[in-house]
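Student: Here you go, this is data_28.cif (mmCIF, C-alpha atoms and all ligand atoms).
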```cif
data_work
#
loop_
_atom_site.label_atom_id
_atom_site.label_comp_id
_atom_site.auth_asym_id
_atom_site.auth_seq_id
_atom_site.Cartn_x
_atom_site.Cartn_y
_atom_site.Cartn_z
CA MET K 1 -24.49 23.72 29.25
CA THR K 2 -23.70 26.10 32.13
CA THR K 3 -20.58 28.29 32.02
CA PRO K 4 -17.91 26.79 34.29
CA VAL K 5 -17.01 28.98 37.24
CA LEU K 6 -13.34 28.76 36.31
CA GLU K 7 -11.77 27.77 33.02
CA LEU K 8 -8.09 27.33 32.20
CA THR K 9 -7.19 27.41 28.53
CA GLY K 10 -3.74 26.68 27.13
CA LEU K 11 -2.20 27.75 30.43
CA THR K 12 1.57 27.92 30.06
CA ARG K 13 4.21 29.17 32.48
CA SER K 14 7.94 29.32 31.80
CA TYR K 15 10.64 30.49 34.15
CA GLU K 16 13.91 32.04 32.98
CA SER K 17 16.99 31.34 35.00
CA GLY K 18 20.28 32.63 33.63
CA ASN K 19 20.11 31.89 29.92
CA ARG K 20 17.92 28.84 30.46
CA ARG K 21 14.17 28.73 30.06
CA ARG K 22 12.11 26.05 31.76
CA THR K 23 8.47 25.49 30.90
CA VAL K 24 6.68 24.16 33.95
CA LEU K 25 3.10 24.20 32.62
CA LYS K 26 2.61 23.31 28.96
CA GLY K 27 -0.85 24.30 27.85
CA VAL K 28 -3.09 23.20 30.71
CA ASP K 29 -6.82 23.07 29.86
CA HIS K 30 -9.52 22.44 32.43
CA ALA K 31 -13.00 23.61 33.43
CA PHE K 32 -13.99 23.77 37.10
CA GLU K 33 -17.65 23.74 38.18
CA ALA K 34 -19.36 25.30 41.20
CA GLY K 35 -20.40 22.84 43.92
CA ARG K 36 -17.48 20.48 43.38
CA MET K 37 -14.26 19.73 45.19
CA TYR K 38 -11.10 19.13 43.15
CA ALA K 39 -7.73 17.74 44.21
CA ILE K 40 -4.59 18.60 42.23
CA VAL K 41 -1.92 15.98 42.78
CA GLY K 42 1.49 15.29 41.29
CA PRO K 43 5.11 14.76 42.20
CA SER K 44 7.12 17.46 43.93
CA GLY K 45 8.22 20.10 41.44
CA SER K 46 5.52 19.18 38.88
CA GLY K 47 4.05 22.69 39.02
CA LYS K 48 1.08 22.39 41.41
CA SER K 49 1.83 25.62 43.28
CA THR K 50 2.54 27.37 39.98
CA LEU K 51 -0.88 26.29 38.69
CA LEU K 52 -2.53 27.47 41.91
CA SER K 53 -0.80 30.88 41.66
CA LEU K 54 -2.03 31.37 38.10
CA ALA K 55 -5.59 30.16 38.74
CA SER K 56 -5.88 32.33 41.86
CA GLY K 57 -4.58 35.45 40.11
CA LEU K 58 -1.35 35.78 42.09
CA ASP K 59 0.80 35.31 38.99
CA SER K 60 0.28 35.79 35.24
CA PRO K 61 0.77 33.04 32.66
CA THR K 62 3.37 33.13 29.89
CA ALA K 63 0.53 32.13 27.56
CA GLY K 64 -3.08 31.05 27.90
CA THR K 65 -6.00 32.37 29.93
CA VAL K 66 -7.84 31.94 33.20
CA ARG K 67 -11.54 32.77 32.85
CA PHE K 68 -13.85 33.43 35.77
CA ARG K 69 -17.51 32.97 34.75
CA GLY K 70 -16.42 33.45 31.16
CA GLU K 71 -14.33 36.60 31.72
CA ASP K 72 -10.54 36.68 31.38
CA ILE K 73 -9.22 37.54 34.89
CA ALA K 74 -6.49 39.69 33.30
CA GLU K 75 -9.27 41.91 31.92
CA LEU K 76 -11.34 41.71 35.09
CA GLY K 77 -8.23 42.78 37.03
CA LEU K 78 -6.22 40.35 39.14
CA GLY K 79 -6.68 42.43 42.31
CA ARG K 80 -10.43 42.62 41.81
CA TYR K 81 -10.61 38.86 41.06
CA ARG K 82 -8.66 38.04 44.23
CA ASN K 83 -10.70 40.42 46.40
CA ARG K 84 -14.15 39.52 45.18
CA HIS K 85 -14.18 36.05 43.68
CA ALA K 86 -11.26 33.84 44.67
CA ALA K 87 -9.43 33.29 47.92
CA THR K 88 -6.45 31.16 48.86
CA VAL K 89 -5.61 29.39 52.10
CA PHE K 90 -1.82 29.26 52.07
CA GLN K 91 0.26 26.53 53.67
CA SER K 92 1.68 29.12 56.05
CA LEU K 93 -1.89 30.39 56.81
CA ASN K 94 -0.57 33.97 57.27
CA LEU K 95 -2.79 34.68 60.29
CA LEU K 96 -2.02 37.72 62.42
CA THR K 97 -1.15 35.86 65.60
CA TYR K 98 -1.55 38.86 67.94
CA MET K 99 -5.18 39.24 66.85
CA THR K 100 -8.13 37.08 67.83
CA ALA K 101 -9.81 34.76 65.34
CA VAL K 102 -12.68 37.23 64.91
CA GLN K 103 -10.29 40.18 64.42
CA ASN K 104 -8.32 38.30 61.75
CA ILE K 105 -11.53 37.93 59.76
CA THR K 106 -12.97 41.42 60.29
CA SER K 107 -9.66 43.06 59.34
CA ALA K 108 -9.50 41.03 56.10
CA MET K 109 -13.10 42.11 55.34
CA GLU K 110 -12.16 45.72 55.97
CA ILE K 111 -9.12 45.53 53.68
CA THR K 112 -11.12 43.97 50.86
CA GLY K 113 -14.00 46.41 51.34
CA VAL K 114 -16.72 44.00 52.48
CA LYS K 115 -19.70 46.01 53.74
CA GLY K 116 -22.25 45.06 56.42
CA PRO K 117 -21.95 43.82 59.99
CA ARG K 118 -18.43 42.33 59.80
CA ARG K 119 -18.20 41.02 63.33
CA LYS K 120 -21.53 39.19 63.08
CA ARG K 121 -20.43 37.62 59.79
CA ALA K 122 -17.07 36.57 61.29
CA VAL K 123 -18.83 34.82 64.18
CA GLU K 124 -21.24 33.10 61.77
CA LEU K 125 -18.37 31.79 59.68
CA LEU K 126 -16.38 30.57 62.67
CA ASP K 127 -19.54 28.86 63.98
CA LEU K 128 -20.00 27.23 60.57
CA LEU K 129 -16.42 25.96 60.62
CA GLY K 130 -16.73 24.58 64.13
CA VAL K 131 -14.54 27.04 66.06
CA GLU K 132 -16.04 27.21 69.58
CA ARG K 133 -17.30 30.63 70.75
CA GLN K 134 -14.74 30.88 73.57
CA ASP K 135 -11.92 30.20 71.07
CA GLN K 136 -13.15 32.81 68.62
CA HIS K 137 -11.98 35.55 71.00
CA ARG K 138 -8.56 34.09 71.72
CA ARG K 139 -5.44 35.25 69.92
CA THR K 140 -4.76 32.82 67.07
CA LEU K 141 -1.29 32.16 68.50
CA GLN K 142 -3.06 30.29 71.33
CA LEU K 143 -5.12 28.08 69.01
CA SER K 144 -4.26 24.58 67.82
CA GLY K 145 -3.08 23.87 64.24
CA GLY K 146 -6.54 22.56 63.29
CA GLN K 147 -8.28 25.59 64.81
CA GLN K 148 -5.89 27.96 63.03
CA GLN K 149 -6.60 26.17 59.75
CA ARG K 150 -10.36 26.70 60.31
CA VAL K 151 -9.81 30.40 61.04
CA ALA K 152 -7.77 30.76 57.83
CA ILE K 153 -10.57 29.10 55.84
CA ALA K 154 -13.20 31.32 57.52
CA ARG K 155 -11.13 34.38 56.64
CA ALA K 156 -10.87 33.24 53.02
CA LEU K 157 -14.67 32.80 52.88
CA ALA K 158 -15.44 36.11 54.58
CA CYS K 159 -15.12 37.93 51.31
CA GLU K 160 -17.92 35.77 49.85
CA VAL K 161 -15.76 34.24 47.21
CA ASP K 162 -16.97 31.67 44.69
CA VAL K 163 -13.67 29.82 44.34
CA LEU K 164 -11.59 28.64 47.27
CA PHE K 165 -8.00 27.47 46.73
CA ALA K 166 -5.97 25.68 49.38
CA ASP K 167 -2.31 24.68 49.28
CA GLU K 168 -1.61 21.51 51.30
CA PRO K 169 -4.28 22.31 53.90
CA THR K 170 -3.84 19.09 55.85
CA GLY K 171 -0.04 18.79 55.60
CA ALA K 172 0.69 19.81 59.18
CA LEU K 173 -2.32 18.20 60.87
CA ASP K 174 -2.90 14.87 62.61
CA GLN K 175 -5.27 12.39 60.95
CA GLU K 176 -8.37 13.24 62.97
CA THR K 177 -7.99 17.01 62.60
CA ALA K 178 -7.25 16.56 58.90
CA ALA K 179 -10.47 14.54 58.50
CA GLY K 180 -12.42 17.44 60.07
CA ILE K 181 -10.88 19.94 57.63
CA ILE K 182 -11.61 17.67 54.65
CA GLU K 183 -15.25 17.51 55.79
CA VAL K 184 -15.34 21.32 55.94
CA PHE K 185 -14.14 21.55 52.32
CA ARG K 186 -16.66 18.95 51.16
CA LYS K 187 -19.52 20.82 52.85
CA LEU K 188 -18.42 24.15 51.35
CA ALA K 189 -18.57 22.58 47.89
CA HIS K 190 -21.67 20.39 48.25
CA ASP K 191 -23.85 22.47 50.61
CA ASP K 192 -22.73 26.02 49.85
CA GLY K 193 -21.99 25.62 46.13
CA LYS K 194 -18.36 26.79 46.29
CA CYS K 195 -15.76 25.55 43.85
CA VAL K 196 -13.00 24.13 46.07
CA ILE K 197 -9.57 23.41 44.57
CA VAL K 198 -6.99 21.78 46.81
CA VAL K 199 -3.33 21.11 46.03
CA THR K 200 -2.36 18.08 48.04
CA HIS K 201 -0.10 15.10 48.56
CA SER K 202 -2.72 13.48 50.79
CA ARG K 203 -4.52 10.35 49.64
CA GLU K 204 -7.38 11.14 52.05
CA VAL K 205 -7.97 14.56 50.47
CA ALA K 206 -7.81 13.03 46.98
CA ASN K 207 -10.28 10.29 47.96
CA ALA K 208 -12.70 12.85 49.38
CA SER K 209 -12.65 14.98 46.20
CA ASP K 210 -15.15 14.79 43.36
CA GLU K 211 -12.37 14.94 40.80
CA VAL K 212 -8.63 14.25 41.05
CA LEU K 213 -6.39 16.03 38.53
CA GLN K 214 -2.88 14.75 38.09
CA LEU K 215 -0.16 17.14 37.00
CA LYS K 216 2.51 15.34 35.03
CA ARG K 217 5.16 16.70 32.70
CA GLY K 218 3.43 20.08 32.54
CA ARG K 219 -0.03 18.76 31.70
CA LEU K 220 -3.20 17.88 33.61
CA THR K 221 -4.61 14.39 33.20
N1 LIG K 301 9.70 31.92 40.67
C1 LIG K 301 10.31 30.87 40.13
N2 LIG K 301 11.44 31.01 39.38
C2 LIG K 301 12.04 29.96 38.80
N3 LIG K 301 11.61 28.68 38.91
C3 LIG K 301 10.50 28.47 39.65
C4 LIG K 301 9.80 29.53 40.29
N4 LIG K 301 8.73 29.01 40.94
C5 LIG K 301 8.76 27.68 40.72
N5 LIG K 301 9.82 27.35 39.94
C6 LIG K 301 10.17 26.00 39.48
O1 LIG K 301 9.04 25.43 38.85
C7 LIG K 301 8.92 24.03 39.15
C8 LIG K 301 7.56 23.75 39.75
O2 LIG K 301 7.46 24.33 41.03
P1 LIG K 301 6.13 24.27 41.91
O3 LIG K 301 6.43 24.92 43.21
O4 LIG K 301 4.98 24.80 41.13
O5 LIG K 301 5.97 22.68 42.11
P2 LIG K 301 5.04 21.83 43.10
O6 LIG K 301 4.44 20.74 42.29
O7 LIG K 301 4.09 22.75 43.78
O8 LIG K 301 6.09 21.24 44.13
P3 LIG K 301 5.92 20.79 45.68
O9 LIG K 301 4.98 19.62 45.69
O10 LIG K 301 7.31 20.39 46.06
O11 LIG K 301 5.41 21.99 46.43
C9 LIG K 301 10.08 23.72 40.09
O12 LIG K 301 11.12 23.16 39.34
C10 LIG K 301 10.49 25.07 40.64
O13 LIG K 301 11.85 25.10 40.96
#
```
Can you dump the structure from the file as structure tokens?
Tutor:
Amino acid sequence: MTTPVLELTGLTRSYESGNRRRTVLKGVDHAFEAGRMYAIVGPSGSGKSTLLSLASGLDSPTAGTVRFRGEDIAELGLGRYRNRHAATVFQSLNLLTYMTAVQNITSAMEITGVKGPRRKRAVELLDLLGVERQDQHRRTLQLSGGQQQRVAIARALACEVDVLFADEPTGALDQETAAGIIEVFRKLAHDDGKCVIVVTHSREVANASDEVLQLKRGRLT
């Protein structure tokens, strides 16, 4: 059997507030494969964003491990894991709106130390994601919600990551634009071999995924 690209073992996260302790994730186990798209669903407050933060190396678990290609990301280094192997498209996108689409991508590549012709790579990625050439050189403030979402995905991919996380990527989009973004995620998984993990409330995203994981009472089912 091949080693999963990402493996969660006994993942537990508790939060302290005052003298109370609340355990949001209670020993989550799951293996994620390359070339597949996963949807994580569950009621509001069930811990989806918490799970995403742990799996993407933004937060550390109270107990349990996240392994990337068999190596504990705490040992690999969370910063290194985030820069080289995993990227997240946040709900808020976090684009630099005074920069063009291309500049948003090349500056992220610079920060994370990606070598090679950055501008050429940025254009290739934006082409791949269906952002028209004339829009690639406009400030992202002037782009539509769907175009901005594509730029944010291109930026996440620019660092040649193996795992792509997205938090509610279609939440703010109309149905047609959302369908285009879902197609982008499916292609990234099925044609480019990425492991795509999407936190969502959308039935369409869940239906388009290869596997739907339900978070309920701190566990994945
Ligand atoms: N930093 C924190 N400190 C204390 N409690 C937190 C913290 N972050 C999250 N929580 C709590 O953990 C629980 C799960 O939150 P989380 O954001 O992971 O849920 P979610 O499933 O993503 O919700 P939604 O669908 O509404 O975004 C909530 O009760 C939340 O209040």
Student: Return the single residue from K:Ile105, K:Leu51, K:Leu141, K:Ala179 that is closest to ligand LIG 301 (chain K), with distances computed using only C-alpha atoms and all ligand atoms.
Tutor: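 Among K:Ile105, K:Leu51, K:Leu141, K:Ala179, it is K:Leu51 that comes nearest to ligand LIG 301 (chain K).
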Student: Kindly give the distance, in Å, that separates CA of Ala74 in chain K and CA of Val24 in chain K, rounded to a single decimal.
Tutor: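 Taking CA of Ala74 in chain K as the start and CA of Val24 in chain K as the end point, the length is 20.4 Å.
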Student: Could you list, as a list in words, every residue within 8 Å of range 196-213 of chain K, counting only C-alpha atoms and ignoring same-chain residues fewer than 3 positions away?
Tutor: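 Counting only the stated atoms, we get Gly35, Arg36, Met37, Tyr38, Ala39, Ile40, Val41, Gly42, Lys48, Ser49, Leu52, Val163, Leu164, Phe165, Ala166, Asp167, Glu168, Pro169, Thr170, Gly171, Ala179, Ile182, Phe185, Arg186, Leu188, Ala189, Leu220 and Thr221 of chain K.
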Student: Within 9 Å of (-7.7, 26.5, 28.5) in the file's own coordinates, which protein, DNA or RNA residues have an atom, counting only C-alpha atoms? List them as a list in words.
Tutor: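 In the file's frame, the residues around the point are Glu7, Leu8, Thr9, Gly10, Leu11, Gly27, Val28, Asp29, His30, Ala31, Gly64, Thr65, Val66 and Arg67 of chain K.
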Student: Suppose we keep C-alpha atoms; can you now write the selection as an mmCIF file, in the frame of the given file?
Tutor:
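Final file, out-v9.cif:
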```cif
data_model
loop_
_atom_site.group_PDB
_atom_site.id
_atom_site.type_symbol
_atom_site.label_atom_id
_atom_site.label_comp_id
_atom_site.auth_asym_id
_atom_site.auth_seq_id
_atom_site.Cartn_x
_atom_site.Cartn_y
_atom_site.Cartn_z
ATOM 1 C CA GLU K 7 -11.770 27.770 33.020
ATOM 2 C CA LEU K 8 -8.090 27.330 32.200
ATOM 3 C CA THR K 9 -7.190 27.410 28.530
ATOM 4 C CA GLY K 10 -3.740 26.680 27.130
ATOM 5 C CA LEU K 11 -2.200 27.750 30.430
ATOM 6 C CA GLY K 27 -0.850 24.300 27.850
ATOM 7 C CA VAL K 28 -3.090 23.200 30.710
ATOM 8 C CA ASP K 29 -6.820 23.070 29.860
ATOM 9 C CA HIS K 30 -9.520 22.440 32.430
ATOM 10 C CA ALA K 31 -13.000 23.610 33.430
ATOM 11 C CA GLY K 64 -3.080 31.050 27.900
ATOM 12 C CA THR K 65 -6.000 32.370 29.930
ATOM 13 C CA VAL K 66 -7.840 31.940 33.200
ATOM 14 C CA ARG K 67 -11.540 32.770 32.850
#
```
Student: With only C-alpha atoms as the counted atoms, please give the residues lying no more than 6 Å from range 53-61 of chain K, apart from itself and same-chain residues fewer than 5 positions off, as an mmCIF file with C-alpha atoms, keeping the file's coordinate frame.
Tutor:
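For reference, part.cif as written:
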```
data_model
loop_
_atom_site.group_PDB
_atom_site.id
_atom_site.type_symbol
_atom_site.label_atom_id
_atom_site.label_comp_id
_atom_site.auth_asym_id
_atom_site.auth_seq_id
_atom_site.Cartn_x
_atom_site.Cartn_y
_atom_site.Cartn_z
ATOM 1 C CA THR K 12 1.570 27.920 30.060
ATOM 2 C CA ARG K 13 4.210 29.170 32.480
ATOM 3 C CA LEU K 78 -6.220 40.350 39.140
#
```
Student: Measuring between all atoms listed in the file, which one of K:Ala87, K:Leu25, K:Ala172, K:Val114 shows the shortest distance to ligand LIG 301 (chain K)?
Tutor: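 Checking each of K:Ala87, K:Leu25, K:Ala172, K:Val114 against ligand LIG 301 (chain K), counting all atoms listed in the file, the winner is K:Leu25.
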Student: What separation in Å, quoted to one decimal, exists between CA of Ile73 in chain K and CA of Cys195 in chain K?
Tutor: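 We find that CA of Ile73 in chain K and CA of Cys195 in chain K lie 16.3 Å from each other.
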Student: My list of candidates is K:Ile111, K:Glu71, K:Arg21, K:Gly79. Which is closest to ligand LIG 301 (chain K) when distances are computed with all atoms listed in the file?
Tutor: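 Residue with the minimum atom-to-atom distance to ligand LIG 301 (chain K): K:Arg21.
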Student: So how many Å separate CA of Ala34 in chain K and CA of Asp162 in chain K, to one decimal?
Tutor: 7.6 Å
Student: Select, from K:Leu96, K:Ala86, K:Leu129, K:Leu6, the residue with the minimum atom-to-atom distance to Cys159 in chain K, counting all atoms listed in the file.
Tutor: K:Ala86
Student: Between K:Ala158, K:Leu76, K:Val184, K:Ala152, which one has atoms that come closest to Ser92 in chain K, using all atoms listed in the file?
Tutor: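 That would be K:Ala152, the residue with the smallest distance to Ser92 in chain K.
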Student: With a distance cut-off of 9 Å and all atoms listed in the file, select the neighbouring residues of Ile153 in chain K, excluding the residue or stretch itself and same-chain residues fewer than 2 positions from it, and output the selection as a ChimeraX atom specification.
Tutor: /K:88-89,93,129,148-151,155-158,164,166
Student: Determine the nearest neighbour of ligand LIG 301 (chain K) from the options K:Thr62, K:Thr3, K:Ser17, K:Thr112, counting all atoms listed in the file.
Tutor: K:Ser17
Student: Please provide as a ChimeraX atom specification all residues within 7 Å of range 99-104 of chain K, with the sequence filter that same-chain residues fewer than 3 positions apart are discarded (counting all atoms listed in the file).
Tutor: /K:95-96,107-108,119,122-123,136-140,151
Student: Produce a file of the selected residues containing C-alpha atoms, as a compact mmCIF listing (two decimals), keeping the file's coordinate frame.
Tutor:
```
# COMPACT_ATOMS: atom_id res chain seq x y z
CA LEU K 95 -2.79 34.68 60.29
CA LEU K 96 -2.02 37.72 62.42
CA SER K 107 -9.66 43.06 59.34
CA ALA K 108 -9.50 41.03 56.10
CA ARG K 119 -18.20 41.02 63.33
CA ALA K 122 -17.07 36.57 61.29
CA VAL K 123 -18.83 34.82 64.18
CA GLN K 136 -13.15 32.81 68.62
CA HIS K 137 -11.98 35.55 71.00
CA ARG K 138 -8.56 34.09 71.72
CA ARG K 139 -5.44 35.25 69.92
CA THR K 140 -4.76 32.82 67.07
CA VAL K 151 -9.81 30.40 61.04
```
Student: Could you name the residues that touch Ser46 in chain K at 7 Å or less, counting only C-alpha atoms, but leaving out those on the same chain fewer than 2 positions away, as JSON, numbers by chain?
Tutor: {"K": [42, 43, 44, 48, 215, 216, 217, 218]}
